[in-house]
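Right, one structure below, let's go through it.
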Amino acid sequence: MKKIFFLSLCLLIFSSITHSQQARRNPNWKPSIIPEPYSMQIGKGYLKLPYYLNIISPSNKEVRQIADQLASTLQNMANAVKVKEGTTPGNKTILLSLVNDPSIKPNGYRLQITATGISIKANEPAGIFYGVQTLLQLFPDEVEELRERKSPIEWEIPILTIEDHPRFGWRGLMLDVSRHFFTVKEVKAFIDQMVKYKFNLLHLHLTDDQGWRIEIKSLPKLTEVGAWRVERTGTFGNFPKPQPGEKASYGGFYTHDDIRDLVRYAGERFVNILPEIDVPGHSLAALAAYPELSCTPGDYYVSPGDRFMIWPGGGQHFYGTLDNTICPANEKAYEYLDKIFTEVASLFPFGYIHMGGDETARNFWEKSEQIKALMQKENLKDLDEVQSYFVRRVEKIINSKGKKMIGWDEILQGGLAPNAAVMSWRGMKGGIEAATQGHEVVMSPTDFSYFDYMQGDASIEPPVYASLRLKKVFRFEPVPAGVNASLIKGGQANLWTEQVTNTRHLQYMIWPRAFAMAEALWTAKEKRDSSETGWNYFVKKVEDHFDRFDNAKVKYARSLYDPIVQVSKKDSSTYFLNLSTEVSGLSIHYSFDNSFPDQYYPKYQNALLIPNEAANLKMITYRDNETVGRLMTIPVADLKKRAK
């Protein structure tokens with residue numbers, strides 16, 4: 001009996017030493033903190049915290065709230081945690097301190113872990129909050145678990161000192177809740193995930209052709225009609241439009257109380273919410289509710305994802321087969337917008353409101369007698385100036401509510417409104433132009449920040465028209481050469497949700513690319529440019545955080561392990577295959593005979609001649625004889641179509 005008891009005790013002790021803590025026994029181990037701190041000095045040894053842990057907090061309400069959040073998180077490890085008010089540390093406690101220290105930069109913090117305890121100092125509560133997010137990344141991965149543990153985890157964290165502060169004040173993620181509606185609970189979960197990596201701006205794309213998502217009490221049909229559409233399942237853009245008598249049952253919207261709840265929740269985590277009301281284009285949902293706002297008489301509906309916009313390509317402007325724009329020549333439109341922005345401004349305390357302004361299809365404006373009359377009356381020489389006229393009037397409305405207007409870079413066309421800020425999405429060009437004119441800019445270019453794009457090869461990713469790999473996001477530099485850096489407020493990544501119908505897929509599209517965006521927006525440029533914090537080091541951190549996400553049951557993409565495929569053509573019957581990987585140290589194994597390759601199959605080393613008789617290429621990646629990538633199958637016919 002004693003032997004059984006002793007064996008059980010040994011197993012219990014062993015199980016309390018977590019996988020992540022075993023890794024720390026490696027003398028070359030370094031904490032995987034995302035985003036990378038400004039300065040980190042690693043000492044010798046570890047601090048072992050007691051089972052009964054006290055968090056000491058000053059009487060400041062915001063800091064006490066942070067302390068309570070920290071205590072709640074640490075209690076997931078089945079240890080006893082209490083928050084006590086005070087300013088002096090006890091033995092092996094966590095001390096949160098507000099100080100007046102000029103050496104700590106705005107929103108920065110100083111985190112010190114010694115053999116006697118933990119201290120986080122900052123000049124403001126936001127700095128304390130960010131210091132806590134870093135501290136949590138130093139705890140074992142099990143701190144992320146959502147289940148209740150029956151046995152405690154050994155608390156062991158490295159002795160170190162971190163001095164840290166953000167590079168930019170605008171560190172954003174945009175969530176499109178129009179194309180697919182996400183509940184208040186789901187948006188809160190999104191906030192919880194983003195703040196762990198020090199994002200502080202949630203851009204909510206609240207209105208579009210597929211749904212109006214915010215209650216406007218003075219215009220009730222915006223949600224009674226505009227928030228609902230017929231349901232479709234499949235590939236967005238290929239759906240049929242609503243059929244006669246078909247009920248609009250799919251959708252939802254946020255009430256005023258919902259918005260207040262989200263704003264409060266975000267504020268407690270030092271996140272501002274930027275509301276976007278996208279006008280004059282992308283307005284089918286609004287026109288379905290109030291068709292009188294259009295220049296073009298007709299029957300309007302909330303789009304379920306049908307293709308009513310045409311992109312010819314070749315640099316040509318797109319056009320609509322249905323007029324989805326609010327009419328700039330309609331005075332009633334400005335009366336309605338005044339009502340909308342009055343209510344929006346009252347709900348969101350953030351100092352900016354986004355008015356969209358992008359992708360305005362103007363082929364209906366060209367034929368509109370109202371537009372022609374407006375151009376003559378206001379001496380507008382082209383449709384760019386018509387849009388500029390609209391944007392300037394919207395800016396006056398937004399300014400009258402005590403807010404500053406920001407819009408996508410199309411608002412530059414025809415002349416930028418005098419006080420507007422620009423969110424540059426069509427590359428960096430619009431941001432450079434706006435900054436040259438002295439306007440504030442948020443950089444959000446498609447080629448670095450569009451997280452609706454595929455993360456890997458089109459053969460295995462959900463189909464979208466473009467790709468954006470993790471390594472490309474990692475290279476994002478928000479401040480172009482020669483631009484006044486003080487006008488670049490920061491940047492953000494955007495998740496458009498035409499193809500994103502649920503939170504699991506939302507997570508898959510955001511992570512790990514948001515890790516790279518977090519580093520671009522928080523970490524100092526000179527730190528990111530250092531060889532010590534280059535791509536390979538970043539990948540190592542990403543993989544460590546995959547373990548944390550596994551514990552948190554958060555989904556992420558493993559596309560960085562999948563081969564990058566390039567095909568070249570010598571002549572009509574000779575094609576060569578070139579394979580590479582984003583991550584070093586991987587081996588690619590392949591087959592052309594329809595069998596399933598493993599680590600014993602041929603290993604890719606040099607360009608391959610594609611056999612003329614082969615029907616499919618199959619590939620998989622390994623590291624140290626363990627599968628890390630996904631099995632990829634690409635028809636040879638598709639490979640040949642890719643040939644350059």
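Chain lettering (A, B, ...) mirrors the order of the structure tokens, residue numbering begins at 1 for each chain separately, and ligand numbering begins at 1 in order of display.
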Show me, as a list in words, the residues that have an atom within 9 Å of region 451-468 of chain A when counting only C-alpha atoms, minus same-chain residues fewer than 5 positions from it.
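Residues meeting the cut-off are Thr235, Thr446, Val473, Ala493, Asn494, Leu495, Trp496, Thr497, Glu498, Gln499, Val500, Met509, Ile510, Arg513, Ala514, Ala557, Arg558, Ser559, Leu560, Asp562, Pro563, Ile564, Val565, Arg630, Leu631, Met632, Thr633, Ile634 and Pro635 of chain A.
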Do you have, as a Markdown table, the list of residues of region 267-370 of chain A lying at most 12 Å from region 239-256 of chain A, each with its nearest atom pair and that distance in Å to one decimal, counting only C-alpha atoms and ordered by chain then number?
```
| residue | atom | partner | partner_atom | distance |
| --- | --- | --- | --- | --- |
| A:Ala285 | CA | A:Gly251 | CA | 11.4 |
| A:Ala288 | CA | A:Ala248 | CA | 11.8 |
| A:Asp299 | CA | A:Pro242 | CA | 11.7 |
| A:Tyr300 | CA | A:Pro242 | CA | 10.4 |
| A:Tyr301 | CA | A:Pro242 | CA | 7.8 |
| A:Val302 | CA | A:Pro242 | CA | 8.6 |
| A:Ser303 | CA | A:Lys241 | CA | 6.8 |
| A:Pro304 | CA | A:Lys241 | CA | 6.5 |
| A:Gly305 | CA | A:Phe239 | CA | 5.6 |
| A:Asp306 | CA | A:Phe239 | CA | 4.7 |
| A:Arg307 | CA | A:Phe239 | CA | 7.4 |
| A:Phe308 | CA | A:Lys241 | CA | 9.1 |
| A:Leu322 | CA | A:Lys241 | CA | 11.6 |
| A:Glu343 | CA | A:His256 | CA | 8.9 |
| A:Val344 | CA | A:His256 | CA | 9.2 |
| A:Ala345 | CA | A:His256 | CA | 11.6 |
| A:Ser346 | CA | A:His256 | CA | 9.7 |
| A:Leu347 | CA | A:His256 | CA | 7.1 |
| A:Phe348 | CA | A:His256 | CA | 10.1 |
```
For the selection just defined, write its residues with all heavy atoms to a file, as a CSV table (one decimal), in the first residue's frame.
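Full text of out.csv as output:
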```csv
chain,number,residue,atom,x,y,z
A,285,ALA,N,-28.1,47.3,-48.1
A,285,ALA,CA,-29.0,47.0,-46.9
A,285,ALA,C,-29.8,48.2,-46.5
A,285,ALA,O,-30.9,48.2,-46.1
A,285,ALA,CB,-28.1,46.5,-45.7
A,288,ALA,N,-32.5,48.8,-49.1
A,288,ALA,CA,-33.6,47.9,-49.0
A,288,ALA,C,-34.6,48.5,-48.0
A,288,ALA,O,-35.8,48.3,-48.1
A,288,ALA,CB,-33.1,46.5,-48.5
A,299,ASP,N,-36.4,48.2,-57.2
A,299,ASP,CA,-36.6,47.3,-56.0
A,299,ASP,C,-35.3,46.9,-55.5
A,299,ASP,O,-34.4,46.4,-56.2
A,299,ASP,CB,-37.4,46.1,-56.5
A,299,ASP,CG,-38.8,46.4,-56.9
A,299,ASP,OD1,-39.4,47.4,-56.4
A,299,ASP,OD2,-39.3,45.8,-57.9
A,300,TYR,N,-35.1,47.1,-54.2
A,300,TYR,CA,-33.9,46.8,-53.5
A,300,TYR,C,-34.1,45.7,-52.5
A,300,TYR,O,-35.1,45.5,-51.9
A,300,TYR,CB,-33.3,48.1,-52.8
A,300,TYR,CG,-32.8,49.1,-53.9
A,300,TYR,CD1,-33.6,50.1,-54.3
A,300,TYR,CD2,-31.5,49.0,-54.4
A,300,TYR,CE1,-33.2,51.0,-55.3
A,300,TYR,CE2,-31.0,49.9,-55.3
A,300,TYR,CZ,-31.9,50.9,-55.8
A,300,TYR,OH,-31.4,51.8,-56.7
A,301,TYR,N,-33.0,45.0,-52.2
A,301,TYR,CA,-33.0,43.9,-51.3
A,301,TYR,C,-31.7,43.8,-50.6
A,301,TYR,O,-30.6,44.3,-51.1
A,301,TYR,CB,-33.3,42.6,-52.0
A,301,TYR,CG,-32.3,42.2,-53.1
A,301,TYR,CD1,-31.1,41.5,-52.8
A,301,TYR,CD2,-32.5,42.7,-54.4
A,301,TYR,CE1,-30.2,41.2,-53.8
A,301,TYR,CE2,-31.6,42.4,-55.4
A,301,TYR,CZ,-30.4,41.7,-55.1
A,301,TYR,OH,-29.5,41.4,-56.1
A,302,VAL,N,-31.6,43.2,-49.4
A,302,VAL,CA,-30.4,42.9,-48.7
A,302,VAL,C,-29.7,41.7,-49.5
A,302,VAL,O,-30.3,40.6,-49.6
A,302,VAL,CB,-30.6,42.6,-47.2
A,302,VAL,CG1,-29.2,42.4,-46.5
A,302,VAL,CG2,-31.4,43.7,-46.6
A,303,SER,N,-28.5,41.9,-49.9
A,303,SER,CA,-27.8,40.9,-50.7
A,303,SER,C,-27.4,39.7,-49.9
A,303,SER,O,-26.8,39.8,-48.8
A,303,SER,CB,-26.6,41.5,-51.4
A,303,SER,OG,-25.8,40.5,-52.0
A,304,PRO,N,-27.8,38.5,-50.4
A,304,PRO,CA,-27.3,37.3,-49.7
A,304,PRO,C,-25.9,36.8,-50.1
A,304,PRO,O,-25.4,35.8,-49.6
A,304,PRO,CB,-28.4,36.3,-50.1
A,304,PRO,CG,-28.8,36.7,-51.5
A,304,PRO,CD,-28.7,38.2,-51.5
A,305,GLY,N,-25.3,37.6,-51.0
A,305,GLY,CA,-24.0,37.2,-51.5
A,305,GLY,C,-24.1,36.9,-53.0
A,305,GLY,O,-23.2,36.2,-53.5
A,306,ASP,N,-25.0,37.5,-53.7
A,306,ASP,CA,-25.1,37.4,-55.1
A,306,ASP,C,-24.1,38.4,-55.8
A,306,ASP,O,-23.7,39.3,-55.2
A,306,ASP,CB,-26.5,37.7,-55.6
A,306,ASP,CG,-27.1,39.0,-55.2
A,306,ASP,OD1,-26.9,39.4,-54.0
A,306,ASP,OD2,-27.7,39.7,-56.0
A,307,ARG,N,-23.8,38.1,-57.1
A,307,ARG,CA,-22.8,38.9,-57.7
A,307,ARG,C,-23.5,40.0,-58.5
A,307,ARG,O,-23.9,39.9,-59.6
A,307,ARG,CB,-22.0,38.0,-58.7
A,307,ARG,CG,-20.8,38.8,-59.3
A,307,ARG,CD,-20.0,37.8,-60.2
A,307,ARG,NE,-19.4,36.7,-59.5
A,307,ARG,CZ,-18.3,36.8,-58.8
A,307,ARG,NH1,-17.6,37.9,-58.8
A,307,ARG,NH2,-17.8,35.7,-58.2
A,308,PHE,N,-23.6,41.2,-57.9
A,308,PHE,CA,-24.2,42.4,-58.6
A,308,PHE,C,-23.1,43.4,-58.9
A,308,PHE,O,-23.5,44.5,-59.4
A,308,PHE,CB,-25.3,43.0,-57.7
A,308,PHE,CG,-24.8,43.5,-56.4
A,308,PHE,CD1,-24.4,44.8,-56.3
A,308,PHE,CD2,-24.8,42.7,-55.2
A,308,PHE,CE1,-23.9,45.3,-55.0
A,308,PHE,CE2,-24.4,43.2,-54.0
A,308,PHE,CZ,-23.9,44.5,-53.9
A,322,LEU,N,-26.6,46.6,-60.2
A,322,LEU,CA,-27.6,47.1,-59.3
A,322,LEU,C,-27.0,48.3,-58.6
A,322,LEU,O,-25.9,48.3,-58.1
A,322,LEU,CB,-28.1,46.1,-58.3
A,322,LEU,CG,-29.2,46.4,-57.3
A,322,LEU,CD1,-30.5,46.7,-58.0
A,322,LEU,CD2,-29.3,45.3,-56.3
A,343,GLU,N,-26.8,59.1,-33.5
A,343,GLU,CA,-26.9,58.0,-32.6
A,343,GLU,C,-25.6,57.2,-32.5
A,343,GLU,O,-25.2,56.8,-31.4
A,343,GLU,CB,-28.0,57.1,-33.1
A,343,GLU,CG,-29.4,57.8,-33.0
A,343,GLU,CD,-30.6,56.8,-33.2
A,343,GLU,OE1,-30.5,55.6,-32.8
A,343,GLU,OE2,-31.6,57.2,-33.8
A,344,VAL,N,-24.9,57.1,-33.6
A,344,VAL,CA,-23.6,56.4,-33.6
A,344,VAL,C,-22.6,57.1,-32.7
A,344,VAL,O,-21.9,56.5,-31.8
A,344,VAL,CB,-23.0,56.2,-35.0
A,344,VAL,CG1,-21.5,55.8,-34.9
A,344,VAL,CG2,-23.8,55.3,-35.8
A,345,ALA,N,-22.5,58.5,-32.8
A,345,ALA,CA,-21.6,59.3,-32.0
A,345,ALA,C,-21.9,59.2,-30.5
A,345,ALA,O,-21.0,59.2,-29.7
A,345,ALA,CB,-21.6,60.7,-32.5
A,346,SER,N,-23.2,59.1,-30.2
A,346,SER,CA,-23.6,59.0,-28.8
A,346,SER,C,-23.3,57.7,-28.1
A,346,SER,O,-23.1,57.6,-26.9
A,346,SER,CB,-25.1,59.3,-28.6
A,346,SER,OG,-25.9,58.2,-29.1
A,347,LEU,N,-23.1,56.6,-29.0
A,347,LEU,CA,-22.9,55.3,-28.4
A,347,LEU,C,-21.4,54.9,-28.3
A,347,LEU,O,-21.0,54.2,-27.5
A,347,LEU,CB,-23.5,54.2,-29.4
A,347,LEU,CG,-25.1,54.2,-29.3
A,347,LEU,CD1,-25.6,53.3,-30.5
A,347,LEU,CD2,-25.6,53.7,-28.0
A,348,PHE,N,-20.5,55.5,-29.2
A,348,PHE,CA,-19.1,55.2,-29.2
A,348,PHE,C,-18.3,56.4,-28.8
A,348,PHE,O,-18.3,57.4,-29.4
A,348,PHE,CB,-18.7,54.8,-30.6
A,348,PHE,CG,-19.3,53.5,-31.2
A,348,PHE,CD1,-20.5,53.6,-31.9
A,348,PHE,CD2,-18.7,52.3,-30.9
A,348,PHE,CE1,-21.1,52.4,-32.4
A,348,PHE,CE2,-19.3,51.1,-31.4
A,348,PHE,CZ,-20.5,51.2,-32.1
```
Contact residues around Gly490 (chain A) with only C-alpha atoms at 8 Å, ignoring same-chain residues under 5 positions, as a list of chain:residue names
A:Phe168, A:Gly169, A:Trp170, A:Arg171, A:Val441, A:Val442, A:Met443, A:Pro478, A:Leu521
Work out how far CA of Lys61 (chain A) is from CA of Asn200 (chain A), in Å to one decimal.
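According to the coordinates, CA of Asn200 (chain A) and CA of Lys61 (chain A) are separated by 19.6 Å.
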Could you tell me, as a PyMOL selection string, which residues of region 386-498 of chain A DSSP assigns to strand (DSSP E or B) when given the backbone?
chain A and resi 404-408+421-424+441-443+450+454+467+488-495
Would you kindly return, as a list in words, each protein, DNA or RNA residue with an atom no farther than 10 Å from any atom of Val542 (chain A), considering only C-alpha atoms and excluding same-chain residues fewer than 5 positions away?
Ser32, Ile33, Ile34, Trp511, Pro512, Arg513, Phe515, Ala516, Asn536, Tyr537, Asp547 and Arg548 of chain A
Quick one: residues within 9 Å of Asn612 (chain A), only C-alpha atoms counted, chain neighbours fewer than 6 positions away excluded, as a list in words?
Ser573, Thr574, Tyr575 and Val636 of chain A
Have a look at A:His545, A:Lys150, A:Lys44, A:Lys527 and name the one nearest to Leu136 (chain A); count only C-alpha atoms.
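Result for the nearest residue to Leu136 (chain A): A:His545.
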Residue nearest Arg504 (chain A) among A:Ser568, A:Tyr556, A:Ile118, A:Val263 (counting only C-alpha atoms):
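Comparing A:Ser568, A:Tyr556, A:Ile118, A:Val263 against Arg504 (chain A), the winner is A:Tyr556.
Nearest residue to Glu292 (chain A) among A:Asp624, A:Glu62, A:Glu331, A:Asp338 is A:Glu331, counting only C-alpha atoms.
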Residue set, region 227-324 of chain A restricted to helix (DSSP H, G or I), as a ChimeraX atom specification
/A:256-267,284-289,291-293
Could you give me, as a tab-separated table, a per-residue list for region 254-303 of chain A showing, wherever an atom lies at most 12 Å from an atom of region 372-392 of chain A, the closest pair of atoms and their distance in Å to one decimal, using only C-alpha atoms and sorting by chain then residue number from low to high?
```
residue	atom	partner	partner_atom	distance
A:Asp278	CA	A:Val391	CA	11.3
A:Val279	CA	A:Val391	CA	8.9
A:Pro280	CA	A:Phe390	CA	7.9
A:Gly281	CA	A:Gln387	CA	10.1
A:Cys295	CA	A:Lys372	CA	11.1
```
Quick one: residues within 12 Å of Lys196 (chain A), only C-alpha atoms counted, chain neighbours fewer than 3 positions away excluded, as a PyMOL selection string?
chain A and resi 33-35+70+73+129-137+144+189-193+199-200+269-271+514-515+518+545+548-549
Could you save the residues just selected, with N, CA, C and O atoms, as a short mmCIF file (atom, residue, chain, number, x, y, z; two decimals), in the first residue's frame?
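Now in selection21.cif:
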```cif
data_model
loop_
_atom_site.label_atom_id
_atom_site.label_comp_id
_atom_site.auth_asym_id
_atom_site.auth_seq_id
_atom_site.Cartn_x
_atom_site.Cartn_y
_atom_site.Cartn_z
N ILE A 33 7.78 35.95 -26.22
CA ILE A 33 6.82 37.02 -25.95
C ILE A 33 6.44 37.68 -27.27
O ILE A 33 7.29 38.09 -28.05
N ILE A 34 5.15 37.75 -27.52
CA ILE A 34 4.60 38.41 -28.70
C ILE A 34 3.63 39.49 -28.24
O ILE A 34 2.70 39.20 -27.49
N PRO A 35 3.84 40.74 -28.69
CA PRO A 35 4.93 41.23 -29.52
C PRO A 35 6.23 41.38 -28.73
O PRO A 35 6.20 41.53 -27.52
N LEU A 70 -6.56 39.51 -13.74
CA LEU A 70 -5.39 38.65 -13.61
C LEU A 70 -5.67 37.51 -12.63
O LEU A 70 -5.34 36.35 -12.90
N THR A 73 -7.82 34.86 -14.23
CA THR A 73 -7.08 34.03 -15.19
C THR A 73 -6.20 33.02 -14.47
O THR A 73 -6.17 31.83 -14.82
N PHE A 129 -1.82 47.24 -17.64
CA PHE A 129 -2.54 46.20 -18.38
C PHE A 129 -1.61 45.49 -19.36
O PHE A 129 -1.60 44.25 -19.44
N TYR A 130 -0.82 46.25 -20.11
CA TYR A 130 0.08 45.62 -21.08
C TYR A 130 1.17 44.82 -20.38
O TYR A 130 1.59 43.76 -20.88
N GLY A 131 1.63 45.30 -19.24
CA GLY A 131 2.60 44.53 -18.47
C GLY A 131 2.03 43.21 -18.01
O GLY A 131 2.73 42.18 -18.00
N VAL A 132 0.76 43.20 -17.65
CA VAL A 132 0.10 41.96 -17.22
C VAL A 132 0.01 40.98 -18.39
O VAL A 132 0.20 39.77 -18.21
N GLN A 133 -0.26 41.48 -19.61
CA GLN A 133 -0.34 40.57 -20.76
C GLN A 133 1.00 39.90 -21.01
O GLN A 133 1.07 38.71 -21.35
N THR A 134 2.08 40.67 -20.84
CA THR A 134 3.42 40.07 -20.97
C THR A 134 3.66 39.05 -19.87
O THR A 134 4.17 37.95 -20.12
N LEU A 135 3.31 39.39 -18.64
CA LEU A 135 3.50 38.47 -17.52
C LEU A 135 2.79 37.14 -17.77
O LEU A 135 3.36 36.06 -17.52
N LEU A 136 1.57 37.20 -18.28
CA LEU A 136 0.81 35.97 -18.51
C LEU A 136 1.51 35.06 -19.52
O LEU A 136 1.40 33.84 -19.43
N GLN A 137 2.24 35.65 -20.47
CA GLN A 137 2.96 34.83 -21.44
C GLN A 137 4.16 34.13 -20.83
O GLN A 137 4.73 33.22 -21.44
N GLU A 144 -3.76 29.13 -19.98
CA GLU A 144 -4.75 29.44 -21.02
C GLU A 144 -5.95 28.48 -21.00
O GLU A 144 -6.93 28.71 -21.71
N ALA A 189 -15.30 37.61 -27.15
CA ALA A 189 -14.24 36.60 -27.23
C ALA A 189 -13.13 37.06 -28.17
O ALA A 189 -11.94 36.82 -27.91
N PHE A 190 -13.50 37.73 -29.24
CA PHE A 190 -12.52 38.29 -30.17
C PHE A 190 -11.66 39.34 -29.47
O PHE A 190 -10.43 39.36 -29.63
N ILE A 191 -12.30 40.19 -28.67
CA ILE A 191 -11.57 41.20 -27.89
C ILE A 191 -10.60 40.52 -26.92
O ILE A 191 -9.43 40.92 -26.79
N ASP A 192 -11.08 39.48 -26.24
CA ASP A 192 -10.22 38.77 -25.28
C ASP A 192 -8.95 38.24 -25.96
O ASP A 192 -7.87 38.26 -25.37
N GLN A 193 -9.09 37.74 -27.18
CA GLN A 193 -7.94 37.19 -27.88
C GLN A 193 -7.00 38.29 -28.35
O GLN A 193 -5.77 38.17 -28.24
N PHE A 199 -3.20 44.51 -29.01
CA PHE A 199 -4.02 45.32 -29.91
C PHE A 199 -4.94 46.19 -29.06
O PHE A 199 -5.44 45.76 -28.03
N ASN A 200 -5.17 47.42 -29.52
CA ASN A 200 -5.98 48.33 -28.71
C ASN A 200 -7.09 49.02 -29.51
O ASN A 200 -7.71 49.95 -29.01
N ARG A 269 -10.59 46.69 -21.11
CA ARG A 269 -9.39 46.03 -21.62
C ARG A 269 -8.57 46.99 -22.48
O ARG A 269 -7.75 46.56 -23.28
N PHE A 270 -8.84 48.28 -22.33
CA PHE A 270 -8.08 49.36 -22.98
C PHE A 270 -8.13 49.26 -24.50
O PHE A 270 -7.15 49.51 -25.21
N VAL A 271 -9.31 48.92 -24.99
CA VAL A 271 -9.57 48.84 -26.43
C VAL A 271 -10.61 49.89 -26.80
O VAL A 271 -11.67 49.97 -26.17
N ALA A 514 -1.98 37.54 -37.13
CA ALA A 514 -2.09 38.68 -36.21
C ALA A 514 -0.89 38.77 -35.28
O ALA A 514 -0.61 39.85 -34.75
N PHE A 515 -0.18 37.66 -35.05
CA PHE A 515 1.06 37.74 -34.28
C PHE A 515 2.05 38.68 -34.98
O PHE A 515 2.69 39.53 -34.35
N ALA A 518 0.91 42.27 -34.78
CA ALA A 518 1.14 42.80 -33.44
C ALA A 518 2.59 43.29 -33.31
O ALA A 518 2.84 44.36 -32.73
N HIS A 545 3.46 29.70 -29.15
CA HIS A 545 2.11 30.21 -28.90
C HIS A 545 1.03 29.30 -29.48
O HIS A 545 -0.11 29.33 -29.03
N ARG A 548 -0.01 27.38 -26.62
CA ARG A 548 -0.92 28.14 -25.75
C ARG A 548 -2.33 28.12 -26.34
O ARG A 548 -3.32 27.99 -25.61
N PHE A 549 -2.42 28.26 -27.66
CA PHE A 549 -3.72 28.25 -28.30
C PHE A 549 -4.38 26.87 -28.19
O PHE A 549 -5.60 26.77 -28.07
#
```
From the set A:Pro158, A:Pro58, A:Gly172, A:Gly482, which residue has the shortest atom-to-atom contact distance to Met194 (chain A), counting only C-alpha atoms?
A:Gly172
Leaving out Met40 (chain A) and any residue of its chain fewer than 4 positions from it, which residues lie within 8 Å of it when counting only C-alpha atoms, given as a PyMOL selection string?
chain A and resi 160-163
Restricting the output to all heavy atoms, write the selected residues as a tab-separated table (two decimals), in the first residue's frame.
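Once everything was written out, this is selection29.tsv:
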```tsv
chain	number	residue	atom	x	y	z
A	160	LEU	N	13.76	38.01	-14.61
A	160	LEU	CA	14.10	38.90	-15.72
A	160	LEU	C	13.60	40.31	-15.45
A	160	LEU	O	12.84	40.56	-14.51
A	160	LEU	CB	13.53	38.37	-17.04
A	160	LEU	CG	12.03	38.00	-17.13
A	160	LEU	CD1	11.15	39.22	-17.11
A	160	LEU	CD2	11.76	37.22	-18.40
A	161	THR	N	14.02	41.24	-16.31
A	161	THR	CA	13.52	42.61	-16.30
A	161	THR	C	13.15	43.00	-17.72
A	161	THR	O	13.95	42.80	-18.65
A	161	THR	CB	14.58	43.59	-15.76
A	161	THR	OG1	14.89	43.25	-14.41
A	161	THR	CG2	14.07	45.02	-15.81
A	162	ILE	N	11.95	43.54	-17.89
A	162	ILE	CA	11.48	43.98	-19.21
A	162	ILE	C	11.10	45.45	-19.13
A	162	ILE	O	10.34	45.86	-18.24
A	162	ILE	CB	10.27	43.14	-19.68
A	162	ILE	CG1	10.72	41.72	-20.01
A	162	ILE	CG2	9.60	43.78	-20.89
A	162	ILE	CD1	9.59	40.78	-20.38
A	163	GLU	N	11.64	46.23	-20.04
A	163	GLU	CA	11.23	47.63	-20.24
A	163	GLU	C	10.54	47.66	-21.60
A	163	GLU	O	11.12	47.24	-22.60
A	163	GLU	CB	12.45	48.56	-20.26
A	163	GLU	CG	13.30	48.52	-19.00
A	163	GLU	CD	12.87	49.55	-17.97
A	163	GLU	OE1	11.96	50.34	-18.27
A	163	GLU	OE2	13.46	49.56	-16.87
```
Coordinates-based distance that separates CA of Gly585 (chain A) from CA of Arg623 (chain A) (Å, one decimal):
6.6 Å
What is the distance, in Å and to one decimal place, between CA of Ala421 (chain A) and CA of Thr223 (chain A)?
28.6 Å
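Across A:Lys221, A:Val184, A:Leu204, A:Trp155, the tightest approach to Asp261 (chain A) is made by A:Val184 when counting only C-alpha atoms.
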